[in-house]
file work09.cif (mmCIF, C-alpha atoms)
data_my_file
loop_
_atom_site.label_atom_id
_atom_site.label_comp_id
_atom_site.auth_asym_id
_atom_site.auth_seq_id
_atom_site.Cartn_x
_atom_site.Cartn_y
_atom_site.Cartn_z
CA MET A 1 105.42 -113.24 84.03
CA PRO A 2 103.80 -113.72 87.47
CA LYS A 3 105.11 -116.70 89.39
CA VAL A 4 102.79 -118.87 91.56
CA PHE A 5 104.07 -120.78 94.60
CA PHE A 6 102.06 -123.37 96.56
CA THR A 7 102.38 -124.59 100.12
CA ARG A 8 104.39 -127.80 100.35
CA GLN A 9 101.51 -129.21 102.43
CA LEU A 10 99.66 -129.80 99.16
CA GLU A 11 102.37 -132.18 97.96
CA ARG A 12 100.84 -134.84 100.22
CA PHE A 13 97.90 -134.94 97.83
CA LEU A 14 99.10 -133.85 94.39
CA ALA A 15 102.02 -132.26 92.50
CA VAL A 16 102.22 -128.48 92.93
CA PRO A 17 105.29 -127.19 91.09
CA THR A 18 106.01 -123.47 91.08
CA VAL A 19 104.81 -122.14 87.76
CA GLU A 20 105.04 -118.95 85.67
CA VAL A 21 101.75 -117.92 84.11
CA ALA A 22 100.28 -115.07 82.12
CA GLY A 23 97.44 -113.04 83.62
CA ALA A 24 96.67 -109.59 84.89
CA THR A 25 94.53 -110.66 87.86
CA LEU A 26 94.71 -113.34 90.52
CA GLY A 27 91.77 -115.14 88.89
CA GLU A 28 93.41 -115.18 85.47
CA ALA A 29 96.69 -116.44 86.90
CA LEU A 30 95.04 -119.22 88.89
CA ALA A 31 92.88 -120.19 85.91
CA GLN A 32 96.04 -120.87 83.94
CA VAL A 33 97.45 -122.98 86.75
CA PHE A 34 94.26 -125.02 86.98
CA ALA A 35 94.10 -125.49 83.20
CA ALA A 36 97.38 -127.37 83.43
CA ASN A 37 96.56 -129.02 86.78
CA PRO A 38 92.74 -129.46 87.01
CA ALA A 39 92.75 -131.52 90.22
CA LEU A 40 94.36 -128.63 92.11
CA ARG A 41 91.36 -126.33 91.59
CA SER A 42 89.13 -127.86 94.28
CA TYR A 43 91.93 -127.69 96.83
CA VAL A 44 92.19 -123.92 96.46
CA LEU A 45 88.68 -122.78 95.40
CA ASP A 46 85.24 -123.73 96.72
CA ASP A 47 82.27 -124.84 94.60
CA GLN A 48 81.39 -121.21 93.76
CA GLY A 49 84.92 -120.30 92.65
CA ALA A 50 85.87 -118.33 95.77
CA LEU A 51 89.07 -118.93 97.72
CA ARG A 52 88.49 -121.60 100.35
CA GLN A 53 87.88 -120.12 103.77
CA HIS A 54 91.15 -121.37 105.24
CA VAL A 55 93.35 -120.93 102.20
CA ALA A 56 95.52 -117.80 102.35
CA VAL A 57 96.72 -116.11 99.15
CA PHE A 58 99.29 -113.33 99.02
CA VAL A 59 99.88 -111.24 95.92
CA ASN A 60 103.19 -109.40 95.96
CA GLY A 61 103.31 -109.68 99.75
CA CYS A 62 99.74 -108.56 100.47
CA PRO A 63 96.74 -110.76 101.32
CA ALA A 64 94.28 -111.05 98.44
CA THR A 65 91.41 -108.65 99.03
CA ASP A 66 88.78 -109.99 96.64
CA ARG A 67 88.47 -113.58 97.84
CA LYS A 68 85.27 -114.19 95.83
CA GLY A 69 85.88 -112.49 92.52
CA LEU A 70 89.71 -112.93 92.50
CA THR A 71 90.10 -109.53 90.84
CA ASP A 72 93.27 -108.46 92.67
CA PRO A 73 95.67 -107.14 90.02
CA VAL A 74 98.92 -109.00 89.45
CA GLY A 75 101.97 -107.24 87.94
CA ALA A 76 104.14 -108.86 85.33
CA ASP A 77 106.97 -109.74 87.71
CA GLU A 78 104.97 -110.27 90.87
CA GLU A 79 104.71 -113.38 92.98
CA ILE A 80 101.58 -115.20 94.20
CA TYR A 81 101.80 -117.43 97.26
CA VAL A 82 99.04 -119.94 98.07
CA PHE A 83 99.11 -121.45 101.52
CA GLN A 84 96.98 -122.65 104.38
CA ALA A 85 96.02 -120.84 107.53
CA LEU A 86 97.35 -123.38 110.04
CA SER A 87 94.97 -124.58 112.71
CA GLY A 88 93.87 -127.64 114.64
CA GLY A 89 95.50 -130.12 116.97
CA MET B 1 79.56 -162.81 107.81
CA SER B 2 82.23 -160.11 107.48
CA ASP B 3 85.84 -160.45 108.73
CA ARG B 4 86.88 -156.90 107.86
CA LEU B 5 85.97 -153.44 109.13
CA TYR B 6 86.82 -149.92 108.05
CA VAL B 7 86.99 -147.29 110.76
CA GLY B 8 87.10 -143.64 109.76
CA THR B 9 88.61 -141.35 112.36
CA ARG B 10 89.70 -137.78 112.79
CA LYS B 11 93.21 -138.84 111.82
CA GLY B 12 92.98 -141.62 109.30
CA LEU B 13 91.16 -144.70 108.02
CA PHE B 14 91.90 -147.89 109.95
CA GLU B 15 91.36 -151.29 108.34
CA ILE B 16 90.60 -153.87 111.02
CA ALA B 17 90.57 -157.60 110.26
CA ARG B 18 89.73 -160.76 112.15
CA LYS B 19 92.79 -162.92 112.74
CA GLY B 20 92.15 -166.17 114.55
CA ARG B 21 89.50 -165.12 117.03
CA ALA B 22 90.78 -161.57 117.56
CA TRP B 23 90.39 -158.34 115.65
CA ASP B 24 93.44 -156.23 114.91
CA VAL B 25 94.55 -153.27 112.81
CA ALA B 26 95.57 -154.72 109.43
CA ASP B 27 96.33 -151.48 107.59
CA VAL B 28 96.12 -147.70 107.95
CA HIS B 29 95.17 -145.31 105.15
CA PHE B 30 95.19 -141.50 104.99
CA LEU B 31 96.98 -141.27 108.33
CA GLY B 32 96.55 -137.78 109.73
CA ASP B 33 93.54 -136.83 107.62
CA PRO B 34 89.92 -136.67 108.87
CA VAL B 35 87.75 -139.41 107.34
CA THR B 36 84.02 -138.61 107.33
CA ALA B 37 82.45 -141.50 105.38
CA VAL B 38 83.43 -144.92 104.09
CA LEU B 39 81.80 -147.65 102.02
CA ALA B 40 83.37 -151.05 101.37
CA ARG B 41 81.65 -153.61 99.17
CA GLY B 42 82.55 -155.94 96.37
CA GLY B 43 86.27 -155.26 96.77
CA VAL B 44 85.79 -151.52 96.22
CA VAL B 45 86.35 -149.02 99.03
CA HIS B 46 85.23 -145.38 98.91
CA ALA B 47 86.62 -143.01 101.54
CA ALA B 48 85.57 -139.39 102.02
CA LEU B 49 88.07 -137.00 103.59
CA ASP B 50 87.54 -133.59 105.11
CA LEU B 51 90.84 -131.81 104.62
CA GLY B 52 89.63 -128.65 106.30
CA HIS B 53 91.76 -126.05 104.53
CA PHE B 54 91.53 -127.83 101.19
CA GLY B 55 87.95 -129.10 101.31
CA ALA B 56 86.20 -132.45 101.09
CA LYS B 57 87.77 -135.12 98.91
CA LEU B 58 86.77 -138.57 97.74
CA TRP B 59 89.10 -141.50 97.11
CA ARG B 60 88.46 -144.97 95.70
CA LYS B 61 90.38 -148.23 95.98
CA ASP B 62 89.68 -151.20 93.72
CA ASN B 63 90.87 -154.48 95.27
CA ALA B 64 94.69 -154.48 95.42
CA LYS B 65 95.15 -151.38 93.25
CA PRO B 66 96.39 -148.16 94.87
CA TRP B 67 93.98 -145.48 96.08
CA ARG B 68 93.06 -142.84 93.53
CA GLU B 69 91.26 -139.55 94.00
CA ILE B 70 87.93 -139.36 92.19
CA ALA B 71 85.44 -136.59 91.63
CA VAL B 72 83.86 -134.98 94.63
CA PRO B 73 80.24 -133.76 94.65
CA VAL B 74 80.09 -130.10 93.59
CA PHE B 75 77.18 -127.70 94.02
CA PRO B 76 76.05 -125.85 90.88
CA PRO B 77 76.61 -122.10 90.59
CA LYS B 78 74.39 -120.29 93.08
CA PRO B 79 71.71 -118.35 91.16
CA GLU B 80 70.96 -114.76 92.07
CA GLU B 81 67.43 -115.59 93.24
CA ALA B 82 68.95 -117.87 95.88
CA GLY B 83 70.60 -114.93 97.59
CA ASP B 84 68.59 -115.40 100.79
CA ASP B 85 69.54 -119.05 101.17
CA PRO B 86 70.96 -119.38 104.71
CA HIS B 87 73.15 -122.30 103.66
CA PRO B 88 76.21 -122.22 101.39
CA TRP B 89 76.11 -123.73 97.92
CA THR B 90 79.47 -125.31 98.56
CA LEU B 91 80.30 -128.79 99.79
CA GLY B 92 81.09 -128.88 103.50
CA LYS B 93 81.64 -132.56 104.01
CA ILE B 94 80.46 -135.92 102.75
CA TRP B 95 78.63 -137.57 105.67
CA ASN B 96 77.66 -140.91 104.14
CA ILE B 97 77.97 -142.92 100.93
CA THR B 98 75.19 -145.43 100.27
CA PRO B 99 74.80 -148.04 97.52
CA GLY B 100 71.87 -147.20 95.26
CA GLY B 101 70.71 -150.74 94.57
CA SER B 102 71.68 -150.82 90.89
CA ASP B 103 75.00 -151.10 89.09
CA GLY B 104 77.23 -148.13 89.76
CA ARG B 105 74.65 -146.04 91.61
CA LEU B 106 75.69 -144.33 94.82
CA TRP B 107 74.04 -141.70 96.98
CA ALA B 108 76.10 -139.22 99.01
CA GLY B 109 74.55 -137.34 101.92
CA THR B 110 76.42 -134.14 102.68
CA MET B 111 76.64 -131.02 104.73
CA PRO B 112 75.18 -128.42 104.05
CA GLY B 113 72.24 -130.72 103.24
CA GLY B 114 72.76 -131.61 99.58
CA LEU B 115 71.99 -135.11 98.37
CA PHE B 116 74.14 -136.20 95.43
CA ARG B 117 73.75 -139.11 93.01
CA SER B 118 76.36 -141.00 91.03
CA ASP B 119 75.60 -143.61 88.38
CA ASP B 120 79.22 -144.53 87.68
CA GLY B 121 80.57 -145.70 91.00
CA GLY B 122 81.46 -142.23 92.21
CA GLU B 123 83.45 -141.06 89.18
CA SER B 124 80.95 -138.23 88.71
CA TRP B 125 78.16 -136.75 90.84
CA SER B 126 75.10 -134.58 90.39
CA LEU B 127 73.11 -132.67 92.99
CA VAL B 128 69.55 -133.92 93.52
CA GLU B 129 68.11 -130.49 92.80
CA SER B 130 64.52 -131.60 93.44
CA LEU B 131 65.31 -131.97 97.16
CA TRP B 132 67.74 -129.05 97.36
CA ARG B 133 65.07 -126.72 95.90
CA MET B 134 62.28 -127.73 98.29
CA PRO B 135 61.26 -124.49 100.07
CA GLU B 136 61.31 -126.34 103.40
CA ARG B 137 65.08 -126.81 103.06
CA LEU B 138 65.61 -123.13 103.84
CA LYS B 139 64.35 -123.88 107.37
CA TRP B 140 66.82 -126.70 107.96
CA PHE B 141 69.37 -125.88 110.61
CA GLY B 142 72.81 -126.93 111.74
CA VAL B 143 73.95 -129.85 113.82
CA ALA B 144 76.96 -131.62 115.29
CA GLY B 145 78.72 -128.51 116.47
CA GLY B 146 78.48 -126.95 113.03
CA GLU B 147 76.31 -124.36 111.41
CA GLN B 148 75.22 -126.50 108.50
CA PRO B 149 72.42 -129.05 108.27
CA GLY B 150 73.45 -132.49 107.08
CA ILE B 151 71.89 -135.52 105.46
CA SER B 152 72.62 -138.08 108.14
CA THR B 153 71.13 -141.19 106.51
CA VAL B 154 70.11 -142.44 103.07
CA LEU B 155 68.10 -145.69 103.00
CA VAL B 156 67.31 -147.47 99.75
CA ASP B 157 64.64 -150.18 99.68
CA PRO B 158 66.48 -153.43 98.77
CA ARG B 159 63.40 -154.51 96.79
CA ASP B 160 63.00 -151.28 94.84
CA PRO B 161 65.95 -148.91 94.24
CA ALA B 162 63.53 -146.09 93.35
CA ASP B 163 62.20 -146.03 96.92
CA ILE B 164 64.41 -143.84 99.09
CA ARG B 165 64.22 -142.40 102.59
CA VAL B 166 66.53 -139.61 103.70
CA GLY B 167 67.09 -138.52 107.29
CA VAL B 168 68.16 -134.94 107.90
CA SER B 169 69.79 -133.34 110.92
CA CYS B 170 67.87 -131.10 110.93
CA ALA B 171 65.26 -131.79 109.76
CA GLY B 172 62.93 -134.63 109.19
CA VAL B 173 62.53 -137.78 107.15
CA TRP B 174 62.10 -137.24 103.42
CA ALA B 175 60.66 -139.82 101.05
CA SER B 176 60.97 -140.34 97.32
CA THR B 177 59.44 -143.25 95.40
CA ASP B 178 60.76 -142.15 92.01
CA THR B 179 64.56 -142.27 92.45
CA GLY B 180 64.68 -138.75 93.80
CA ALA B 181 62.56 -136.94 91.20
CA THR B 182 60.01 -135.80 93.82
CA TRP B 183 60.06 -135.64 97.62
CA ARG B 184 57.71 -135.54 100.59
CA ASN B 185 58.51 -134.64 104.19
CA ILE B 186 57.02 -137.55 106.14
CA ASN B 187 57.58 -138.65 109.76
CA LYS B 188 54.32 -138.09 111.63
CA GLY B 189 54.47 -138.76 115.36
CA MET B 190 57.89 -137.37 116.18
CA TYR B 191 58.36 -134.64 118.73
CA ASN B 192 61.40 -132.40 119.02
CA GLU B 193 61.42 -131.22 122.61
CA TYR B 194 64.05 -128.48 122.22
CA MET B 195 62.03 -126.48 119.67
CA PRO B 196 59.53 -123.72 120.54
CA PRO B 197 56.26 -125.38 121.65
CA GLU B 198 54.28 -124.69 118.48
CA GLN B 199 57.01 -126.26 116.30
CA ARG B 200 57.75 -129.39 118.31
CA GLY B 201 55.55 -131.62 116.17
CA ASP B 202 56.50 -130.06 112.82
CA PRO B 203 57.96 -132.84 110.62
CA ASN B 204 60.50 -130.39 109.17
CA THR B 205 62.08 -129.65 112.55
CA GLN B 206 62.73 -133.24 113.65
CA ASP B 207 66.36 -133.91 114.55
CA ILE B 208 67.05 -137.25 112.87
CA HIS B 209 70.34 -138.43 114.31
CA GLN B 210 70.21 -141.69 112.38
CA LEU B 211 67.78 -144.02 110.59
CA ALA B 212 68.05 -147.76 109.96
CA HIS B 213 65.77 -150.32 108.40
CA CYS B 214 65.44 -154.08 108.51
CA ALA B 215 66.89 -155.18 105.16
CA ALA B 216 64.51 -158.14 104.88
CA GLN B 217 61.47 -156.06 105.86
CA PRO B 218 62.40 -152.47 105.04
CA GLU B 219 59.02 -151.01 105.95
CA VAL B 220 60.23 -151.45 109.53
CA MET B 221 62.46 -148.49 110.33
CA TRP B 222 64.19 -147.31 113.49
CA CYS B 223 65.19 -143.77 114.34
CA GLN B 224 67.61 -142.50 116.94
CA HIS B 225 66.16 -139.02 117.24
CA HIS B 226 67.57 -136.26 119.41
CA SER B 227 64.62 -136.52 121.76
CA ALA B 228 63.92 -140.27 121.79
CA ILE B 229 64.04 -143.59 119.97
CA TYR B 230 61.24 -144.17 117.45
CA ARG B 231 60.05 -147.12 115.34
CA SER B 232 57.94 -147.12 112.18
CA GLU B 233 56.15 -150.01 110.47
CA ASP B 234 55.16 -148.09 107.34
CA THR B 235 58.50 -146.96 105.90
CA GLY B 236 58.69 -143.81 107.96
CA GLU B 237 55.20 -142.34 107.48
CA ASN B 238 54.19 -142.79 111.13
CA TRP B 239 56.43 -143.23 114.16
CA ARG B 240 55.93 -144.47 117.69
CA GLU B 241 58.21 -143.44 120.53
CA LEU B 242 59.83 -146.38 122.36
CA LYS B 243 59.43 -145.20 125.91
CA ALA B 244 60.93 -148.36 127.39
CA ALA B 245 64.41 -147.37 126.14
CA ARG B 246 67.03 -147.55 128.86
CA PRO B 247 69.28 -146.38 130.38
CA SER B 248 68.21 -143.41 128.22
CA GLY B 249 66.51 -142.66 124.92
CA PHE B 250 69.24 -140.28 123.83
CA GLY B 251 72.06 -141.27 121.53
CA PHE B 252 73.25 -140.87 117.97
CA ALA B 253 73.60 -144.29 116.34
CA VAL B 254 71.26 -147.17 115.55
CA ALA B 255 71.81 -150.58 113.94
CA ALA B 256 68.91 -152.70 112.69
CA HIS B 257 68.97 -156.47 112.49
CA PRO B 258 69.10 -157.41 108.79
CA ARG B 259 66.35 -160.06 109.07
CA ASP B 260 64.53 -159.69 112.39
CA PRO B 261 62.31 -156.58 112.26
CA LYS B 262 61.93 -156.54 116.03
CA THR B 263 65.65 -156.27 116.86
CA ALA B 264 67.84 -153.16 116.91
CA TRP B 265 70.82 -151.77 118.84
CA PHE B 266 71.63 -148.31 120.20
CA VAL B 267 74.50 -146.68 122.13
CA PRO B 268 72.73 -144.52 124.73
CA ALA B 269 74.03 -141.46 126.55
CA THR B 270 72.97 -138.68 128.88
CA LYS B 271 71.20 -135.99 126.90
CA ASP B 272 72.21 -132.38 126.27
CA GLU B 273 73.02 -131.58 129.85
CA ARG B 274 76.35 -133.40 129.81
CA ARG B 275 76.77 -135.57 126.71
CA ILE B 276 78.45 -138.47 128.48
CA PRO B 277 77.48 -142.13 128.92
CA VAL B 278 74.92 -142.52 131.70
CA ASP B 279 76.83 -142.82 135.00
CA GLY B 280 80.16 -142.96 133.11
CA LYS B 281 79.44 -146.52 131.91
CA VAL B 282 79.60 -147.45 128.22
CA VAL B 283 76.69 -149.73 127.29
CA VAL B 284 74.80 -150.86 124.23
CA SER B 285 71.03 -151.17 124.46
CA ARG B 286 69.14 -153.75 122.44
CA THR B 287 65.50 -154.48 121.88
CA ARG B 288 64.34 -157.84 120.52
CA ASP B 289 60.61 -157.27 120.81
CA GLY B 290 60.07 -154.21 118.65
CA GLY B 291 60.83 -151.77 121.45
CA LYS B 292 58.58 -153.08 124.21
CA SER B 293 61.68 -153.80 126.30
CA PHE B 294 65.41 -153.17 126.14
CA ASP B 295 68.45 -155.15 127.30
CA VAL B 296 71.41 -153.17 128.59
CA LEU B 297 74.56 -154.91 127.33
CA SER B 298 77.82 -154.16 129.13
CA ARG B 299 80.02 -157.29 129.16
CA GLY B 300 83.47 -156.28 127.91
CA LEU B 301 82.64 -152.56 127.84
CA PRO B 302 84.24 -150.07 130.26
CA GLN B 303 82.08 -149.57 133.33
CA ARG B 304 84.13 -147.09 135.34
CA HIS B 305 84.94 -143.48 134.43
CA ALA B 306 84.27 -144.07 130.75
CA TYR B 307 83.21 -141.05 128.68
CA ASP B 308 83.03 -142.54 125.20
CA LEU B 309 80.16 -141.49 122.94
CA ALA B 310 79.33 -143.18 119.64
CA HIS B 311 78.42 -140.70 116.91
CA ARG B 312 75.83 -141.20 114.17
CA HIS B 313 77.77 -143.43 111.80
CA ALA B 314 80.01 -145.11 114.37
CA LEU B 315 77.90 -148.24 115.02
CA ALA B 316 77.83 -151.00 112.40
CA ILE B 317 76.27 -154.43 111.95
CA ASP B 318 77.24 -157.07 109.41
CA ASP B 319 74.90 -159.04 107.20
CA SER B 320 74.76 -161.98 109.62
CA GLY B 321 73.17 -159.88 112.35
CA GLU B 322 75.64 -161.39 114.84
CA ARG B 323 78.65 -159.12 114.45
CA LEU B 324 78.51 -155.52 115.59
CA ALA B 325 81.21 -152.91 116.10
CA PHE B 326 81.31 -149.36 117.36
CA GLY B 327 83.90 -146.67 117.90
CA SER B 328 83.86 -143.67 120.19
CA THR B 329 84.66 -140.01 120.40
CA SER B 330 87.52 -140.97 122.73
CA GLY B 331 89.01 -143.50 120.30
CA GLY B 332 87.58 -146.60 121.95
CA PHE B 333 86.62 -149.44 119.64
CA TRP B 334 84.73 -152.65 120.41
CA VAL B 335 83.54 -155.67 118.43
CA SER B 336 80.88 -158.23 119.34
CA GLU B 337 80.41 -161.58 117.61
CA ASP B 338 77.25 -162.62 119.47
CA ALA B 339 74.75 -159.86 118.80
CA GLY B 340 76.11 -157.65 121.56
CA GLU B 341 76.17 -160.04 124.52
CA GLN B 342 79.96 -159.85 124.81
CA TRP B 343 82.28 -157.14 123.52
CA ALA B 344 86.06 -157.17 122.95
CA ALA B 345 88.14 -154.00 122.90
CA LEU B 346 90.60 -153.39 120.11
CA ASP B 347 94.17 -153.26 121.41
CA ALA B 348 94.76 -149.71 120.14
CA ARG B 349 93.96 -146.15 121.05
CA LEU B 350 92.42 -144.73 117.92
CA PRO B 351 91.77 -141.08 117.11
CA PRO B 352 88.13 -139.97 117.61
CA VAL B 353 85.94 -142.29 115.52
CA SER B 354 83.45 -140.85 113.04
CA VAL B 355 82.35 -143.88 111.01
CA VAL B 356 82.48 -147.68 111.23
CA ARG B 357 81.52 -149.97 108.34
CA PHE B 358 81.87 -153.71 107.73
CA ALA B 359 83.23 -154.74 104.35
CA VAL B 360 80.54 -156.64 102.46
CA ALA B 361 80.93 -159.00 99.54
#

call {"tool": "encode", "arguments": {"input": "work09.cif", "output": "structure tokens"}}
result
Amino acid sequence: MPKVFFTRQLERFLAVPTVEVAGATLGEALAQVFAANPALRSYVLDDQGALRQHVAVFVNGCPATDRKGLTDPVGADEEIYVFQALSGG
Amino acid sequence: MSDRLYVGTRKGLFEIARKGRAWDVADVHFLGDPVTAVLARGGVVHAALDLGHFGAKLWRKDNAKPWREIAVPVFPPKPEEAGDDPHPWTLGKIWNITPGGSDGRLWAGTMPGGLFRSDDGGESWSLVESLWRMPERLKWFGVAGGEQPGISTVLVDPRDPADIRVGVSCAGVWASTDTGATWRNINKGMYNEYMPPEQRGDPNTQDIHQLAHCAAQPEVMWCQHHSAIYRSEDTGENWRELKAARPSGFGFAVAAHPRDPKTAWFVPATKDERRIPVDGKVVVSRTRDGGKSFDVLSRGLPQRHAYDLAHRHALAIDDSGERLAFGSTSGGFWVSEDAGEQWAALDARLPPVSVVRFAVA
């Protein structure tokens, strides 16, 4: 099953354990994560369900390409990393 | 009279309390996170954060209980016919939280220009679609270094919670007398000097930095506009420019006296050319005669090489009308206990200040 990792930065605000989920696309995998952890959704997705502008998601080592529709395919043993694009001062 | 202040900054929420005759930092919340709006009344504090990467968030604290995250305003799904909307249907940041005048009701003014209503103390929110769907909204434009328009002020008539005035940067003053069911763009008499000539008098292009009203006589309203200071005596329908303003008519913030309709305070600055205090001196200007004349108040404020600006929500007045406080873009913070005659600096260097609010009972 795909495994989803989250940036430790999010632990300042809420629990983000690494989880294994079912799902053939990025959207399906994240939907399962958010079903178990609803508060996390708004940290990762905007009001229209797209990835937040400064949230980076890698699927099996490659940046997600469909940041609005979340249709990037996810293989059974692949890993999804959710992190922030660091900025500011 | 309030002995407690909440100061939202780019890196945390600072709780400042009066001890003896001095004001000092009593507690710090959300250290490191940008705070964009705060409301403290009746033992309940609401704080809006802008986490950047992770979006806008809203937290609530009830008396001595710990902070808890509550629902944030969310825009509805963007319909296909709204494809040409120049503004995103996604919350940018919460710019102000205003009590609605009845139990549990709150209004939240946001970027990109959505007004949201809660009837349960902020536990849930709904977009005021009647205002969001006004065709004029598509012409609103961005402010404050951003690309998005923002609702800079929400004023609710203390005598009638259905009567609401909203100030938009940009643009204009919007009025509803039916709790937000219908809206009119009012504000005759304003003039936005940076627009093309034929649009300078258009109500929907006016750059409303901040509005305030006299709580005891709310038909008297003040506006710190981009181009000048204005006053209205008919709840925002018609405005008169206060040409006596000095040392300048430019600024962001305004505070109205809660009982005296002729008294208000401003934190003036040089206009667009430089965006610094006039002559590098931080002052507060005050009128006590409805804008015919202005006092320039400087006792206790830095008068040499001082480049502090006070943004829209960074000047506050308490319900006595005697205590005022403001914070600056450079992290300066000052309190007055005598209507602005004398100011005392906080013994701290804060992060850039975005919002200052007194706690009210």

call {"tool": "residues_near_point", "arguments": {"input": "work09.cif", "point": "(95.6, -121.1, 101.6)", "cutoff": "10 Å", "atoms": "only C-alpha atoms", "output": "compact mmCIF listing (two decimals) with C-alpha atoms, in the coordinates of the input"}}
result
# COMPACT_ATOMS: atom_id res chain seq x y z
CA PHE A 6 102.06 -123.37 96.56
CA THR A 7 102.38 -124.59 100.12
CA LEU A 10 99.66 -129.80 99.16
CA TYR A 43 91.93 -127.69 96.83
CA VAL A 44 92.19 -123.92 96.46
CA LEU A 45 88.68 -122.78 95.40
CA LEU A 51 89.07 -118.93 97.72
CA ARG A 52 88.49 -121.60 100.35
CA GLN A 53 87.88 -120.12 103.77
CA HIS A 54 91.15 -121.37 105.24
CA VAL A 55 93.35 -120.93 102.20
CA ALA A 56 95.52 -117.80 102.35
CA VAL A 57 96.72 -116.11 99.15
CA PHE A 58 99.29 -113.33 99.02
CA TYR A 81 101.80 -117.43 97.26
CA VAL A 82 99.04 -119.94 98.07
CA PHE A 83 99.11 -121.45 101.52
CA GLN A 84 96.98 -122.65 104.38
CA ALA A 85 96.02 -120.84 107.53
CA LEU A 86 97.35 -123.38 110.04
CA HIS B 53 91.76 -126.05 104.53
CA PHE B 54 91.53 -127.83 101.19

call {"tool": "closest_residue", "arguments": {"input": "work09.cif", "among": "A:Thr18, A:Thr65, A:Gln9, A:Thr71", "to": "chain B", "atoms": "all atoms listed in the file"}}
result
A:Gln9

call {"tool": "atom_distance", "arguments": {"input": "work09.cif", "atom1": "atom CA of B:Arg299", "atom2": "atom CA of B:Leu350"}}
result
20.9 Å

call {"tool": "resolve_selection", "arguments": {"input": "work09.cif", "expression": "the PyMOL selection byres ((chain B and resi 101) around 8)", "output": "ChimeraX atom specification"}}
result
/B:99-100,102-103,105,156-158,160-161

call {"tool": "interface_residues", "arguments": {"input": "work09.cif", "of": "chain B", "to": "chain A", "cutoff": "10 Å", "atoms": "all atoms listed in the file", "output": "list in words"}}
result
Phe30, Leu51, Gly52, His53, Phe54, Gly55, Ala56, Lys57, Glu69, Ile70, Ala71, Val72, Pro73, Val74, Phe75, Pro76, Pro77, Lys78, Pro88, Trp89, Thr90, Leu91 and Gly92 of chain B
